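**Q** If it helps, the file is called target.txt and holds compact mmCIF, C-alpha atoms:
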```txt
# COMPACT_ATOMS: atom_id res chain seq x y z
CA MET A 6 65.93 45.53 116.33
CA ASN A 7 64.11 42.42 115.09
CA PHE A 8 61.05 43.52 113.14
CA ASP A 9 59.50 40.06 112.62
CA LEU A 10 56.77 40.63 115.20
CA TYR A 11 55.74 43.96 113.68
CA TRP A 12 55.74 42.61 110.12
CA ILE A 13 53.43 39.79 111.27
CA TRP A 14 51.18 42.33 112.99
CA LEU A 15 51.02 44.46 109.85
CA SER A 16 50.52 41.49 107.51
CA CYS A 17 47.70 39.98 109.57
CA GLY A 18 46.13 43.34 110.30
CA LEU A 19 45.93 44.36 106.64
CA GLY A 20 45.30 40.85 105.34
CA ALA A 21 47.08 38.85 102.64
CA GLY A 22 47.26 40.58 99.29
CA ALA A 23 46.54 44.05 100.66
CA SER A 24 47.69 46.95 98.50
CA CYS A 25 50.11 48.54 100.94
CA LEU A 26 53.26 49.52 99.04
CA ASP A 27 52.53 53.25 99.47
CA LEU A 28 52.05 52.83 103.21
CA ILE A 29 55.24 50.91 103.89
CA SER A 30 57.22 53.12 101.50
CA TYR A 31 56.06 56.22 103.38
CA PHE A 32 57.39 54.72 106.61
CA GLU A 33 60.59 53.62 104.83
CA TRP A 34 59.84 49.92 105.25
CA ASN A 35 59.92 50.16 109.02
CA PRO A 36 56.92 48.25 110.45
CA TYR A 37 57.62 49.42 113.99
CA ASP A 38 57.13 53.04 112.92
CA ILE A 39 53.75 52.07 111.45
CA TYR A 40 52.84 50.32 114.70
CA ASP A 41 53.99 53.36 116.69
CA ALA A 42 52.04 55.85 114.57
CA SER A 43 48.51 56.89 115.47
CA PHE A 44 45.72 55.39 113.42
CA ASN A 45 44.52 58.90 112.59
CA GLU A 46 47.94 59.66 111.13
CA ILE A 47 47.89 56.47 109.09
CA TYR A 48 44.41 57.11 107.75
CA ALA A 49 45.26 60.75 106.97
CA LEU A 50 47.96 59.59 104.58
CA ASP A 51 45.18 58.35 102.29
CA VAL A 52 47.21 55.30 101.19
CA ILE A 53 44.98 52.63 102.77
CA THR A 54 41.23 52.52 103.32
CA ARG A 55 39.39 53.22 106.55
CA HIS A 56 38.41 49.54 106.62
CA GLN A 57 42.09 48.54 106.50
CA THR A 58 42.88 51.03 109.24
CA GLU A 59 40.14 49.55 111.42
CA LYS A 60 41.48 46.03 110.76
CA LEU A 61 44.90 47.15 111.96
CA LYS A 62 43.31 48.47 115.15
CA ASP A 63 41.57 45.14 115.73
CA PHE A 64 44.66 42.94 115.37
CA SER A 65 46.86 43.01 118.45
CA LEU A 66 50.59 42.57 118.89
CA GLU A 67 49.74 39.67 121.21
CA GLY A 68 48.07 37.94 118.28
CA ALA A 69 51.22 38.41 116.23
CA GLN A 70 53.30 36.99 119.08
CA LYS A 71 51.17 33.83 119.16
CA ILE A 72 51.80 33.32 115.46
CA LEU A 73 55.54 33.85 115.91
CA ASP A 74 55.57 31.39 118.83
CA THR A 75 53.79 28.80 116.65
CA VAL A 76 56.33 29.28 113.87
CA ARG A 77 59.25 28.79 116.23
CA ALA A 78 57.68 25.80 117.97
CA ASN A 79 57.39 23.99 114.64
CA GLY A 80 60.89 24.80 113.47
CA TRP A 81 59.63 27.04 110.68
CA LYS A 82 61.10 30.42 109.78
CA VAL A 83 59.91 33.93 109.01
CA VAL A 84 61.26 35.93 106.08
CA THR A 85 60.20 39.58 105.88
CA PRO A 86 61.30 42.62 103.87
CA SER A 87 63.83 43.25 106.66
CA SER A 88 65.47 39.87 106.02
CA GLU A 89 68.49 39.27 103.79
CA PHE A 90 66.58 36.35 102.24
CA TYR A 91 63.53 38.35 101.11
CA PRO A 92 63.39 38.34 97.29
CA PRO A 93 63.93 41.95 96.09
CA SER A 94 61.46 41.47 93.24
CA LEU A 95 58.62 41.24 95.77
CA THR A 96 59.28 44.78 96.97
CA ARG A 97 58.17 46.07 93.56
CA LEU A 98 54.66 44.65 93.91
CA GLN A 99 51.86 47.01 94.87
CA ASN A 100 50.67 44.25 97.21
CA PRO A 101 53.90 42.64 98.45
CA PRO A 102 53.67 39.75 100.91
CA LEU A 103 54.86 41.28 104.18
CA VAL A 104 55.71 37.90 105.67
CA LEU A 105 56.83 34.63 104.11
CA TYR A 106 56.52 31.65 106.42
CA VAL A 107 59.17 29.12 105.42
CA LYS A 108 59.68 25.41 105.95
CA GLY A 109 63.14 24.48 104.72
CA ASP A 110 66.11 26.53 103.57
CA GLU A 111 65.20 30.19 103.28
CA SER A 112 68.50 31.00 101.52
CA VAL A 113 67.14 29.38 98.34
CA LEU A 114 64.98 32.49 97.95
CA LYS A 115 68.14 34.51 97.20
CA ASN A 116 68.81 32.69 93.93
CA GLU A 117 68.11 35.22 91.17
CA LEU A 118 68.06 32.37 88.65
CA SER A 119 64.55 31.16 89.39
CA ILE A 120 62.03 29.93 86.85
CA SER A 121 58.41 29.02 87.54
CA VAL A 122 56.81 26.01 85.88
CA VAL A 123 53.03 25.74 86.12
CA GLY A 124 50.11 24.05 84.44
CA ALA A 125 47.07 21.81 84.70
CA ARG A 126 46.26 19.74 87.77
CA LYS A 127 44.73 17.03 85.59
CA ALA A 128 47.73 16.85 83.29
CA SER A 129 48.31 14.50 80.38
CA ASP A 130 51.22 12.06 80.32
CA TYR A 131 52.82 14.29 77.69
CA GLY A 132 52.49 17.42 79.81
CA THR A 133 53.80 15.68 82.91
CA ALA A 134 56.82 14.28 81.06
CA VAL A 135 57.65 17.66 79.52
CA ALA A 136 57.35 19.53 82.83
CA ARG A 137 59.57 17.01 84.59
CA ALA A 138 62.21 17.00 81.85
CA LEU A 139 62.30 20.79 81.52
CA SER A 140 62.57 21.25 85.27
CA SER A 141 65.39 18.72 85.56
CA ALA A 142 67.31 20.45 82.79
CA MET A 143 66.84 23.91 84.31
CA ALA A 144 67.74 22.73 87.81
CA GLU A 145 70.93 21.10 86.54
CA LEU A 146 71.94 24.47 85.10
CA GLY A 147 71.52 26.17 88.48
CA PHE A 148 67.96 27.46 88.23
CA THR A 149 65.61 27.18 91.20
CA VAL A 150 62.34 25.70 89.97
CA VAL A 151 59.29 27.43 91.47
CA SER A 152 55.76 26.03 91.42
CA GLY A 153 52.61 25.72 93.49
CA GLY A 154 52.78 22.19 94.91
CA ALA A 155 49.52 21.10 93.28
CA LEU A 156 48.88 17.84 91.48
CA GLY A 157 49.79 17.43 87.82
CA ILE A 158 52.26 19.86 86.26
CA ASP A 159 53.26 21.46 89.58
CA SER A 160 54.21 18.09 91.07
CA ALA A 161 56.08 17.12 87.92
CA ALA A 162 58.05 20.39 88.04
CA HIS A 163 59.10 19.93 91.65
CA THR A 164 59.93 16.26 91.06
CA GLY A 165 62.03 17.09 88.01
CA ALA A 166 64.20 19.43 90.06
CA LEU A 167 64.50 16.89 92.87
CA ASP A 168 65.50 14.17 90.37
CA VAL A 169 68.82 15.97 89.83
CA ASN A 170 69.21 17.20 93.43
CA GLY A 171 68.32 20.70 92.25
CA LYS A 172 66.66 23.45 94.24
CA THR A 173 62.92 23.96 94.17
CA VAL A 174 60.44 26.24 95.93
CA CYS A 175 56.79 25.41 96.57
CA VAL A 176 54.47 28.38 97.15
CA LEU A 177 51.33 27.35 99.05
CA GLY A 178 47.85 28.83 98.95
CA CYS A 179 47.31 27.96 102.62
CA GLY A 180 49.26 28.12 105.86
CA LEU A 181 52.04 25.76 106.89
CA GLY A 182 50.65 22.83 108.86
CA THR A 183 47.26 22.96 107.15
CA LYS A 184 45.85 19.56 106.21
CA TYR A 185 45.48 20.26 102.50
CA LEU A 186 46.18 17.92 99.55
CA MET A 187 47.69 15.34 101.87
CA ASP A 188 48.60 13.07 98.95
CA ASN A 189 51.34 15.60 98.19
CA GLN A 190 52.64 15.86 101.75
CA PRO A 191 55.59 13.50 101.08
CA LEU A 192 56.56 15.65 98.09
CA ARG A 193 56.35 18.84 100.14
CA ASP A 194 58.58 17.23 102.78
CA LYS A 195 61.18 16.43 100.10
CA ILE A 196 60.96 19.97 98.76
CA ALA A 197 61.64 21.34 102.25
CA GLU A 198 64.74 19.12 102.46
CA ASN A 199 66.14 20.43 99.18
CA GLY A 200 64.65 23.89 98.94
CA ALA A 201 61.73 25.55 100.65
CA VAL A 202 57.97 25.46 101.10
CA ILE A 203 56.74 29.02 101.55
CA THR A 204 53.47 30.89 102.08
CA GLU A 205 52.27 34.34 103.09
CA PHE A 206 49.36 32.86 105.05
CA PRO A 207 49.80 32.33 108.81
CA PRO A 208 50.19 28.76 110.10
CA PHE A 209 47.13 26.51 109.74
CA SER A 210 45.24 29.02 107.57
CA PRO A 211 42.82 27.17 105.24
CA ALA A 212 42.94 27.36 101.47
CA GLY A 213 40.12 29.15 99.66
CA LYS A 214 39.06 30.56 96.30
CA THR A 215 40.95 33.80 96.85
CA THR A 216 44.15 32.32 98.26
CA PHE A 217 45.40 30.70 95.07
CA PRO A 218 45.40 33.82 92.85
CA LEU A 219 47.27 35.58 95.67
CA ARG A 220 49.75 32.72 95.78
CA ASN A 221 50.22 32.95 92.00
CA ARG A 222 51.53 36.52 92.16
CA ILE A 223 54.35 35.31 94.39
CA ILE A 224 55.19 32.42 92.05
CA SER A 225 55.55 34.79 89.11
CA ALA A 226 57.23 37.61 91.03
CA ILE A 227 60.11 35.59 92.46
CA SER A 228 60.86 34.08 89.03
CA LEU A 229 62.61 35.53 86.02
CA GLY A 230 59.94 33.98 83.85
CA THR A 231 56.98 31.60 83.91
CA VAL A 232 56.69 28.46 81.81
CA VAL A 233 53.13 27.24 81.23
CA VAL A 234 53.36 23.60 80.20
CA GLU A 235 49.74 22.52 79.83
CA ALA A 236 46.68 24.67 80.44
CA GLY A 237 43.07 24.69 79.36
CA GLU A 238 41.19 27.82 78.38
CA ARG A 239 40.25 28.60 82.01
CA SER A 240 43.27 27.16 83.80
CA GLY A 241 44.45 28.91 86.96
CA SER A 242 47.98 28.81 85.55
CA LEU A 243 46.90 31.44 83.02
CA ILE A 244 46.43 33.79 85.99
CA THR A 245 50.10 33.23 86.83
CA ALA A 246 51.04 33.98 83.20
CA ARG A 247 48.97 37.18 83.22
CA LEU A 248 50.53 38.30 86.49
CA ALA A 249 54.00 37.59 85.11
CA LEU A 250 53.28 39.85 82.12
CA GLU A 251 51.97 42.60 84.42
CA GLN A 252 55.18 42.30 86.44
CA GLY A 253 57.30 42.63 83.31
CA LYS A 254 58.44 39.01 83.42
CA ASP A 255 58.89 36.57 80.54
CA VAL A 256 56.17 34.09 79.65
CA PHE A 257 56.92 30.80 77.91
CA ALA A 258 54.47 28.15 76.76
CA VAL A 259 54.82 24.58 75.56
CA PRO A 260 52.88 23.92 72.33
CA GLY A 261 50.29 21.18 72.63
CA ASP A 262 47.76 19.11 70.78
CA LEU A 263 45.63 21.39 68.60
CA VAL A 264 42.61 19.16 69.14
CA SER A 265 42.85 18.70 72.92
CA SER A 266 41.05 21.31 75.04
CA SER A 267 43.69 20.89 77.77
CA PHE A 268 46.16 22.81 75.58
CA LEU A 269 43.88 25.64 74.46
CA GLY A 270 45.34 27.96 77.08
CA THR A 271 48.99 27.33 76.22
CA ASN A 272 48.39 27.52 72.48
CA ASN A 273 46.54 30.81 72.94
CA LEU A 274 49.46 32.17 74.98
CA ILE A 275 51.78 31.46 72.05
CA ARG A 276 49.34 33.05 69.63
CA ASN A 277 49.38 36.16 71.84
CA GLY A 278 53.15 36.45 72.00
CA ALA A 279 54.47 33.98 74.58
CA THR A 280 57.76 32.33 73.65
CA PRO A 281 57.17 28.74 72.48
CA VAL A 282 59.31 26.15 74.25
CA PHE A 283 60.61 23.14 72.36
CA SER A 284 63.69 22.58 74.53
CA PRO A 285 65.41 24.14 77.58
CA ASN A 286 67.48 26.24 75.17
CA ASP A 287 64.39 28.26 74.28
CA ILE A 288 64.30 29.41 77.91
CA LEU A 289 68.05 29.84 78.30
CA GLU A 290 68.30 32.08 75.26
CA ALA A 291 66.19 34.67 77.09
CA TYR A 292 68.86 34.94 79.80
```
Would it be possible to restate this file's structure as structure tokens?
**A**
Amino acid sequence: MNFDLYWIWLSCGLGAGASCLDLISYFEWNPYDIYDASFNEIYALDVITRHQTEKLKDFSLEGAQKILDTVRANGWKVVTPSSEFYPPSLTRLQNPPLVLYVKGDESVLKNELSISVVGARKASDYGTAVARALSSAMAELGFTVVSGGALGIDSAAHTGALDVNGKTVCVLGCGLGTKYLMDNQPLRDKIAENGAVITEFPPFSPAGKTTFPLRNRIISAISLGTVVVEAGERSGSLITARLALEQGKDVFAVPGDLVSSSFLGTNNLIRNGATPVFSPNDILEAY
């Protein structure tokens, strides 16, 4: 039985980022059994809220079918916990993404040697050069480079992997097909040709303030470790680093200018125990 339709129903019904591990574990990761259960039975388990139960009631299987039809019409793919390509590390999250919508080669998600490289959108020339060089070196050694497809460090990380025909994965904070950051559309197209662009948000879903932190948990979870190249004191990439630590993953940071505020975040990470990175060997030694 193909469970894609039921995973989409469950994902959209609960909403992205929903804490649902206890629910799907109770039903042994079978979304059809959740669909087939009564809502009273689901609520009685006391593993999701009444509000979440009501949301499940309100989202129909027909709505899920429309999403699946859109995915197929655009040549995209669906990867769920029932798929051989679903990263096992995601199943350990309390709020696992129940669907990954994929443009490109979904098999790249099976590479256990994945490293995320993140940092500032308004990156310095130094930070950009370091991110690109590190990513090229890691990709040449067989690592899949994971990042968020944003400007600055993210773009440099993806580009570095592509420079050596390496594999790279871009995790979006919006749905596939959404007109967002169109300056990076050519880069995303290249990533899809030599890796994958993925998201847990249904096609054409807009980006918002809450979507990027949700995206960041996927970036850190599918990677062995996270490298923060350049980050200010309030950089969003520090959220990715924090999530990586919570997930028991390694955190690396590139030392930066002690005077520049754009490196306060990375320097503080090192002060608090992150592994400083002076060359790719500093990452490799961890593995």
**Q** Could you check how far atom CA of A:Ala69 sits from atom CA of A:Leu105, in Å to one decimal?
**A**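 Distance reported for this atom pair: 13.9 Å.
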**Q** Taking 4 positions as the minimum chain separation for residues in the same chain, which residues sit within 7 Å of A:Thr231 when counting only C-alpha atoms? Answer as JSON, numbers by chain.
**A** {"A": [120, 121, 122, 225, 246, 249, 255, 256, 257]}
**Q** So how far away is atom CA of A:Val104 from atom CA of A:Val83, in Å?
**A** 6.7 Å
**Q** Near stretch 143-149 of chain A, within 10 Å and counting all atoms listed in the file, which residues show up once chain neighbours fewer than 4 positions away are dropped, as a VMD selection string?
**A** chain A and resid 113 to 121 138 to 139 162 to 163 165 to 174 200 228 to 229 285 to 286 288 to 289
**Q** One decimal, Å: what's the distance from atom CA of A:Ser141 over to atom CA of A:Val123, could you say?
**A** 14.2 Å
**Q** Which neighbours of A:Thr271 fall inside 10 Å, counting only C-alpha atoms, when residues of the same chain fewer than 4 positions from it are skipped, and could you give them as a list in words?
**A**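 The contact residues come out as Gly124, Val232, Val233, Val234, Glu235, Ala236, Gly237, Glu238, Ser240, Ser242, Leu243, Ala246, Phe257, Ala258, Val259, Pro260, Gly261, Asp262, Ser267, Ile275, Arg276, Asn277, Ala279 and Pro281 of chain A.
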**Q** Write the residues you've just listed into a file as a PDB file, in the frame of the given file, and include C-alpha atoms for each of them.
**A**
```pdb
ATOM      1  CA  GLY A 124      50.110  24.050  84.440  1.00  0.00           C
ATOM      2  CA  VAL A 232      56.690  28.460  81.810  1.00  0.00           C
ATOM      3  CA  VAL A 233      53.130  27.240  81.230  1.00  0.00           C
ATOM      4  CA  VAL A 234      53.360  23.600  80.200  1.00  0.00           C
ATOM      5  CA  GLU A 235      49.740  22.520  79.830  1.00  0.00           C
ATOM      6  CA  ALA A 236      46.680  24.670  80.440  1.00  0.00           C
ATOM      7  CA  GLY A 237      43.070  24.690  79.360  1.00  0.00           C
ATOM      8  CA  GLU A 238      41.190  27.820  78.380  1.00  0.00           C
ATOM      9  CA  SER A 240      43.270  27.160  83.800  1.00  0.00           C
ATOM     10  CA  SER A 242      47.980  28.810  85.550  1.00  0.00           C
ATOM     11  CA  LEU A 243      46.900  31.440  83.020  1.00  0.00           C
ATOM     12  CA  ALA A 246      51.040  33.980  83.200  1.00  0.00           C
ATOM     13  CA  PHE A 257      56.920  30.800  77.910  1.00  0.00           C
ATOM     14  CA  ALA A 258      54.470  28.150  76.760  1.00  0.00           C
ATOM     15  CA  VAL A 259      54.820  24.580  75.560  1.00  0.00           C
ATOM     16  CA  PRO A 260      52.880  23.920  72.330  1.00  0.00           C
ATOM     17  CA  GLY A 261      50.290  21.180  72.630  1.00  0.00           C
ATOM     18  CA  ASP A 262      47.760  19.110  70.780  1.00  0.00           C
ATOM     19  CA  SER A 267      43.690  20.890  77.770  1.00  0.00           C
ATOM     20  CA  ILE A 275      51.780  31.460  72.050  1.00  0.00           C
ATOM     21  CA  ARG A 276      49.340  33.050  69.630  1.00  0.00           C
ATOM     22  CA  ASN A 277      49.380  36.160  71.840  1.00  0.00           C
ATOM     23  CA  ALA A 279      54.470  33.980  74.580  1.00  0.00           C
ATOM     24  CA  PRO A 281      57.170  28.740  72.480  1.00  0.00           C
TER      25      PRO A 281
END
```
**Q** Show me, as an mmCIF file with C-alpha atoms, in the coordinates of the input, the residues that have an atom within 10 Å of A:Gly20 when counting all atoms listed in the file, minus same-chain residues fewer than 6 positions from it.
**A**
```
data_model
loop_
_atom_site.group_PDB
_atom_site.id
_atom_site.type_symbol
_atom_site.label_atom_id
_atom_site.label_comp_id
_atom_site.auth_asym_id
_atom_site.auth_seq_id
_atom_site.Cartn_x
_atom_site.Cartn_y
_atom_site.Cartn_z
ATOM 1 C CA TRP A 14 51.180 42.330 112.990
ATOM 2 C CA GLN A 57 42.090 48.540 106.500
ATOM 3 C CA LYS A 60 41.480 46.030 110.760
ATOM 4 C CA LEU A 61 44.900 47.150 111.960
ATOM 5 C CA PRO A 102 53.670 39.750 100.910
ATOM 6 C CA LEU A 103 54.860 41.280 104.180
ATOM 7 C CA GLU A 205 52.270 34.340 103.090
ATOM 8 C CA PHE A 206 49.360 32.860 105.050
#
```
**Q** Quick one: residues within 12 Å of A:Ser87, all atoms listed in the file counted, chain neighbours fewer than 5 positions away excluded, as a ChimeraX atom specification?
**A** /A:6-13,29,33-37,92-93,96,103-105
**Q** Using only C-alpha atoms, please write the residues we just selected to a file, as a PDB file, keeping the file's coordinate frame.
**A**
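Printed below is again-v3.pdb as written:
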```pdb
ATOM      1  CA  MET A   6      65.930  45.530 116.330  1.00  0.00           C
ATOM      2  CA  ASN A   7      64.110  42.420 115.090  1.00  0.00           C
ATOM      3  CA  PHE A   8      61.050  43.520 113.140  1.00  0.00           C
ATOM      4  CA  ASP A   9      59.500  40.060 112.620  1.00  0.00           C
ATOM      5  CA  LEU A  10      56.770  40.630 115.200  1.00  0.00           C
ATOM      6  CA  TYR A  11      55.740  43.960 113.680  1.00  0.00           C
ATOM      7  CA  TRP A  12      55.740  42.610 110.120  1.00  0.00           C
ATOM      8  CA  ILE A  13      53.430  39.790 111.270  1.00  0.00           C
ATOM      9  CA  ILE A  29      55.240  50.910 103.890  1.00  0.00           C
ATOM     10  CA  GLU A  33      60.590  53.620 104.830  1.00  0.00           C
ATOM     11  CA  TRP A  34      59.840  49.920 105.250  1.00  0.00           C
ATOM     12  CA  ASN A  35      59.920  50.160 109.020  1.00  0.00           C
ATOM     13  CA  PRO A  36      56.920  48.250 110.450  1.00  0.00           C
ATOM     14  CA  TYR A  37      57.620  49.420 113.990  1.00  0.00           C
ATOM     15  CA  PRO A  92      63.390  38.340  97.290  1.00  0.00           C
ATOM     16  CA  PRO A  93      63.930  41.950  96.090  1.00  0.00           C
ATOM     17  CA  THR A  96      59.280  44.780  96.970  1.00  0.00           C
ATOM     18  CA  LEU A 103      54.860  41.280 104.180  1.00  0.00           C
ATOM     19  CA  VAL A 104      55.710  37.900 105.670  1.00  0.00           C
ATOM     20  CA  LEU A 105      56.830  34.630 104.110  1.00  0.00           C
TER      21      LEU A 105
END
```
